[in-house]
Each structure stands twice: as C-alpha cells, then as structure tokens.
2 protein chains.
Amino acid sequence: MMRKMSSYPIGFTAHDHAQCVKSALAAAQAVCANRGVQLTPVRLRTLEILLEEHAAMGAYDVLARLNAEGLGSKPPVAYRALGFLVDQGFVHRIEQLNAFIACAHPEDAHSPAFMICRSCGTVAEAKAQSGKFAQSAAQTGFQIEQTVIEAEGLCPSCQPQVQS
Amino acid sequence: MMRKMSSYPIGFTAHDHAQCVKSALAAAQAVCANRGVQLTPVRLRTLEILLEEHAAMGAYDVLARLNAEGLGSKPPVAYRALGFLVDQGFVHRIEQLNAFIACAHPEDAHSPAFMICRSCGTVAEAKAQSGKFAQSAAQTGFQIEQTVIEAEGLCPSCQPQVQS
DNA sequence: CGCATCATGTTATGTTATAACACACAACGT
DNA sequence: ACGTTGTGTGTTATAACATAACATGATGCG
Ligand SMILES: [Zn+2]
Ligand SMILES: [Zn+2]
Ligand SMILES: [Zn+2]
Ligand SMILES: [Zn+2]
C-alpha cells in the first residue's frame, strides 16, 4: 500500500473536517448502543483514524497507526477492527485497492459506489442506485445480497486542462 | 484460493462446452493477428485453461496447471500471461475473489458485470449497461475509464427451496 | 553486424490476509 | 463464590496474492 494515502476531500469537494469526524463518531456510538454491540477502544480509534484520514487506507497502514499508539501491533488486531466496522456499515472495503475507507453517508443503510482517481488516489463515495444490472440479475433468478461498484478514472482536478 | 473451483455453467445454464472453448480460442487468435500482438504458447494455454475450467481461478491455480505441463513454474509467468489476456479483453479479473475468468462475451468489447454465488462459487458474466452511476459520475466531473461491478449472492440452484 | 523490442526464466521479496490457540473479563444462573 | 458462556484481545505462525529486478533468448531491421 505505498500510495500517497493522505488526501482530504469527501467526494471531490472541501468540507468542515473536524465537524464531519465528530458527527460520524457520535452517530457510530449511537448506532452501536442501539444494536447492543461494543465500540471498543481499538474499534473506535480505528474508525477515527479512517475518518480523519478521509482516504482509502490499507489494513497495514491502519495497523501502523494503531501500533504507534500502543493499541495493537499484529495484523489480526487491525483486520478484526476493520471487519467489525465493515459489518456495522461504518467502513467500506474497496476491492480494487485492497483498502478501507470510512463511510461518507453513515446516516442510513446503503450499498456504496466508488469513484477512484488513478492519479491522486482520491476516493469519492456515492450511494448506489438500483439499476439495470439488479433487474437482469433478478430475471436470471440470481439473488443479490451485496454489490461492489467501483469506477476508476480521473477526478475533476486531475483531468488534463483544455487550452483556452 | 481454496474454493471448489471446478464448475461448468456459463451463466447458470448448461451449454456445449467443447464448442464454446474452440470458438473462443479461434476468436482470440483472430483478434491477436489483427492487433499485431502475439498469442504465444503460454498465453494461449493459459486462456485455454480458463476457458476449459469456465470458472474463476486464482493465479496460482493457473500456475499449477501451467507447471504441470512444463510451461512455467514461477508466479511471474502466470501473472504475465494473465495480464496480457486481461489487457486484450479475453479474460477478466474478479476483484472480490482475487481471481480470473475467461470472458463469456468475447465477440465485442464491453465492460463486464459479474454475479458470484457465495455457495457454489459459480460466476456468471453479464455486460454492464451504462446506468445511473455513470450519469452521476459525469455530473460530478469524474471521468470513468473502467468499472468494476460484482454482485455476490445466491445463484438459482443454491437458493433454499420453497415447500410446495 | 549492432541494436531495439518483445517474451521468457529466475531470484528474491513485498504485500495482504487468516488460522489457531491462549488469556482476560464481564454477565449469568446456581 | 463458582463454573459457564460469550466476547474481545494478544500472539505466533503461516497462507495467499503479487511484483521488482535482472538475466537470457529470439526476432526484426538498418
Ligand atoms: Zn457508505
Ligand atoms: Zn485526482
Ligand atoms: Zn467479458
Ligand atoms: Zn450457487
């Protein structure tokens, strides 16, 4: 995971970062309380790291941060925390990058879709709308449980500028 | 990749397998000639293996087969051949499985969409139709170059039967 | 021939992910 | 208090996936 994993935009637009981290954490706390699952220190801190970074991070990148803070140094620690957060829907896994990113729309359940800039590494999350694919799957009798939708390309700021 | 990677259906329906392998190989030969690229023995055999298997295979599974036939024993051999075939569009990579599968629609260029049965491991390929996601991406100014669409779920034969 | 291009062979290593077992601790019924 | 169960953590070890880098051979061309 030697990418420049340190961007900021949610989507491709700026925003109040401190606020967005804080509210996402609060939301997660509430949801966990509701569901009767534990948002333990490692899990909480893992989520916080992903929210602060606001970019796709490899499991071992997360682990390095946890380790620096004395919260665990072995792969299973990171993978367990990430697995929990993914199960709860606070974090999504990005298959193309073997990486994880905090959910940008934690307010409601959804299946995510991502746009991944191959130049700057920025990842934007959209909610996936059910489309033709779901219909054709239903037609063939396939029962969809989970979908992965990831587009790779160039974000607005990384596209070659046209001459005026 | 310790799945039971030895299925048959293209999509979820039976078909004349020998014929489908033969025609796909012929098509690939023709395309390569057209493009002035070489379908070398390793590449050809790799494609043939994937076509025969007609299922998602890990790179090391393919490598094992190549090795058994004296066509190469080291990972780069398999990854290069697979890389070539993916570049040419004869094979697709399935991100969720870290696996490869021969294209089921080699006649024309397309971006694929997959349905992956979590019970039997069968993978069906559909052509991805451009949908709402592409539109919303265009709206935000993101320039899509490649898309990954993979659905996980239960294929028709693996769904629990309803009582009559 | 000298040189560039493409493909292959090989070594070594890097990166991602999980199995399996040991331990701590809280909740619960007896 | 005691054993039991469930859940989370700590740790070892290893599995599974992937590529960098360099050497060798074959082909085509000026
Ligand atoms: Zn989300
Ligand atoms: Zn960009
Ligand atoms: Zn295809
Ligand atoms: Zn099935």
# chains A, B, ... in the order shown; residues from 1 in each chain; ligands from 1

$ residues_near_ligand --ligand "ligand 1" --cutoff "6 Å" --atoms "only C-alpha atoms (C1' of nucleotides) and all ligand atoms" --output "PyMOL selection string"
chain A and resi 103-106+112

$ residues_near_ligand --ligand "ligand 2" --cutoff "9 Å" --atoms "only C-alpha atoms (C1' of nucleotides) and all ligand atoms" --output "JSON list (two decimals) with C-alpha atoms, in the first residue's frame"
[["chain", "number", "residue", "atom", "x", "y", "z"],
["A", 12, "PHE", "CA", -14.15, 15.97, -4.60],
["A", 116, "ILE", "CA", -11.38, 6.24, -7.59],
["A", 117, "CYS", "CA", -8.94, 8.69, -9.14],
["A", 118, "ARG", "CA", -5.98, 6.82, -10.58],
["A", 119, "SER", "CA", -3.88, 9.97, -10.47],
["A", 120, "CYS", "CA", -4.29, 11.37, -6.97],
["A", 121, "GLY", "CA", -5.84, 8.36, -5.27],
["A", 122, "THR", "CA", -8.84, 10.26, -4.01],
["A", 123, "VAL", "CA", -11.93, 8.16, -3.48],
["A", 153, "GLY", "CA", -10.72, 7.16, -13.74],
["A", 154, "LEU", "CA", -9.74, 10.78, -13.36],
["A", 155, "CYS", "CA", -11.23, 13.15, -10.84],
["A", 156, "PRO", "CA", -12.04, 16.70, -11.97],
["A", 157, "SER", "CA", -8.79, 18.20, -10.67],
["A", 158, "CYS", "CA", -6.63, 15.57, -12.31],
["A", 159, "GLN", "CA", -8.02, 15.88, -15.83],
["B", 142, "PHE", "CA", -15.39, 12.37, -12.82]]

$ residues_around --residues "range 6-18 of chain D" --least-positions-apart "3" --cutoff "8 Å" --atoms "only C-alpha atoms (C1' of nucleotides)" --output "list in words"
Lys74 and Val77 of chain A; Met1 and Asn98 of chain B; DT15, DT16, DA17, DT18, DC23 and DA24 of chain C

$ write_last_selection --atoms "N, CA, C and O atoms (P, O5', C5', C4', C3', O3' and C1' of nucleotides)" --output "compact mmCIF listing (two decimals), in the first residue's frame"
# COMPACT_ATOMS: atom_id res chain seq x y z
N LYS A 74 -0.21 -6.43 15.78
CA LYS A 74 -0.27 -7.60 14.93
C LYS A 74 -1.46 -7.51 13.96
O LYS A 74 -2.52 -7.03 14.36
N VAL A 77 -5.26 -7.74 14.81
CA VAL A 77 -5.89 -6.63 15.53
C VAL A 77 -6.56 -5.68 14.55
O VAL A 77 -7.74 -5.32 14.70
N MET B 1 -6.87 -19.44 -2.37
CA MET B 1 -7.88 -19.79 -3.38
C MET B 1 -8.34 -21.23 -3.20
O MET B 1 -8.37 -22.02 -4.14
N ASN B 98 -10.01 -12.16 -6.03
CA ASN B 98 -8.62 -12.21 -6.48
C ASN B 98 -8.46 -13.36 -7.47
O ASN B 98 -7.60 -14.22 -7.30
P DT C 15 5.89 -3.51 0.32
O5' DT C 15 4.48 -4.23 0.27
C5' DT C 15 3.81 -4.41 -0.97
C4' DT C 15 2.59 -5.23 -0.72
C3' DT C 15 1.74 -4.78 0.47
O3' DT C 15 0.49 -4.43 -0.06
C1' DT C 15 2.01 -7.15 0.43
P DT C 16 -0.67 -3.87 0.82
O5' DT C 16 -1.54 -5.19 1.07
C5' DT C 16 -2.13 -5.84 -0.03
C4' DT C 16 -2.79 -7.10 0.45
C3' DT C 16 -3.80 -6.91 1.59
O3' DT C 16 -5.02 -7.47 1.15
C1' DT C 16 -2.37 -8.73 2.04
P DA C 17 -6.32 -7.45 2.11
O5' DA C 17 -6.17 -8.81 2.91
C5' DA C 17 -6.26 -10.04 2.19
C4' DA C 17 -6.19 -11.20 3.16
C3' DA C 17 -7.15 -11.09 4.35
O3' DA C 17 -8.14 -12.08 4.17
C1' DA C 17 -4.99 -11.92 4.99
P DT C 18 -9.28 -12.32 5.29
O5' DT C 18 -8.70 -13.56 6.10
C5' DT C 18 -8.15 -14.63 5.36
C4' DT C 18 -7.59 -15.69 6.27
C3' DT C 18 -8.46 -16.04 7.48
O3' DT C 18 -8.54 -17.45 7.52
C1' DT C 18 -6.25 -15.68 8.16
P DC C 23 -2.35 -19.21 28.69
O5' DC C 23 -3.13 -17.84 28.87
C5' DC C 23 -2.51 -16.62 28.43
C4' DC C 23 -3.54 -15.53 28.48
C3' DC C 23 -4.25 -15.37 29.83
O3' DC C 23 -3.94 -14.10 30.33
C1' DC C 23 -5.77 -15.22 28.00
P DA C 24 -4.42 -13.74 31.82
O5' DA C 24 -5.60 -12.70 31.56
C5' DA C 24 -5.34 -11.55 30.76
C4' DA C 24 -6.64 -10.78 30.59
C3' DA C 24 -7.42 -10.61 31.90
O3' DA C 24 -7.89 -9.28 31.95
C1' DA C 24 -8.79 -11.60 30.25

$ residues_near_ligand --ligand "ligand 3" --cutoff "10 Å" --atoms "only C-alpha atoms (C1' of nucleotides) and all ligand atoms" --output "short mmCIF file (atom, residue, chain, number, x, y, z; two decimals) with C-alpha atoms, in the first residue's frame"
data_model
loop_
_atom_site.label_atom_id
_atom_site.label_comp_id
_atom_site.auth_asym_id
_atom_site.auth_seq_id
_atom_site.Cartn_x
_atom_site.Cartn_y
_atom_site.Cartn_z
CA VAL B 86 -6.81 -9.14 -19.36
CA GLY B 89 -10.01 -8.37 -23.02
CA PHE B 90 -10.05 -12.17 -23.27
CA VAL B 91 -10.03 -12.59 -19.52
CA HIS B 92 -11.50 -10.55 -16.69
CA ARG B 93 -10.21 -10.13 -13.20
CA ILE B 101 -12.18 -15.86 -15.54
CA ALA B 102 -12.36 -16.20 -19.29
CA CYS B 103 -14.64 -13.66 -20.91
CA ALA B 104 -18.06 -15.02 -21.74
CA HIS B 105 -18.76 -12.41 -24.42
CA PRO B 106 -15.53 -12.16 -26.37
CA GLU B 107 -17.22 -11.15 -29.59
CA ASP B 108 -17.25 -7.46 -28.75
CA ALA B 109 -15.61 -5.01 -26.38
CA HIS B 110 -17.54 -4.43 -23.20
CA SER B 111 -17.21 -3.73 -19.54
CA PRO B 112 -18.28 -6.77 -17.60
CA ALA B 113 -20.54 -7.27 -14.62
CA PHE B 114 -20.49 -10.41 -12.51
CA ALA B 124 -21.85 -15.53 -14.35
CA GLU B 125 -20.88 -12.65 -16.56
CA ALA B 126 -23.26 -10.03 -17.91
CA LYS B 127 -22.46 -7.00 -20.00
CA ALA B 128 -22.65 -3.88 -17.87
#

$ interface_residues --of "chain A" --to "chain B" --cutoff "7 Å" --atoms "only C-alpha atoms" --output "JSON, numbers by chain"
{"A": [95, 96, 128, 129, 131, 132, 133, 141, 142, 143, 144, 145, 146, 147, 148, 149, 150, 151, 152, 153, 154, 155, 156]}

$ residues_around --residues "DG29 in chain C" --least-positions-apart "5" --cutoff "12 Å" --atoms "only C-alpha atoms (C1' of nucleotides)" --output "NGL selection string"
:D and (2-5)

$ interface_residues --of "chain A" --to "chain D" --cutoff "12 Å" --atoms "only C-alpha atoms (C1' of nucleotides)" --output "list in words"
Met1, Val37, Gln38, Leu39, Thr40, Pro41, Val42, Arg43, Leu71, Gly72, Ser73, Lys74, Pro75, Pro76, Val77, Ala78, Arg80, Ala81, Phe84 and Asn98 of chain A

$ atom_distance --atom1 "CA of Ser23 in chain B" --atom2 "CA of Arg65 in chain B"
21.8 Å

$ closest_residue --among "A:Leu85, A:Val162, A:Ala59, A:Gln139" --to "chain C" --atoms "only C-alpha atoms (C1' of nucleotides)"
A:Ala59

$ interface_residues --of "chain C" --to "chain B" --cutoff "10 Å" --atoms "only C-alpha atoms (C1' of nucleotides)" --output "ChimeraX atom specification"
/C:6-10

$ closest_residue --among "B:Glu52, B:Arg45, B:Pro160, B:Met57" --to "ligand 4" --atoms "only C-alpha atoms and all ligand atoms"
B:Pro160

$ atom_distance --atom1 "CA of Ala27 in chain B" --atom2 "CA of Val62 in chain B"
21.3 Å

$ select_by_dssp --residues "range 26-93 of chain A" --states "alpha helix (DSSP H)" --output "PyMOL selection string"
chain A and resi 26-35+41-53+59-68+75-88

$ atom_distance --atom1 "C1' of DA12 in chain C" --atom2 "CA of Tyr79 in chain A"
27.4 Å
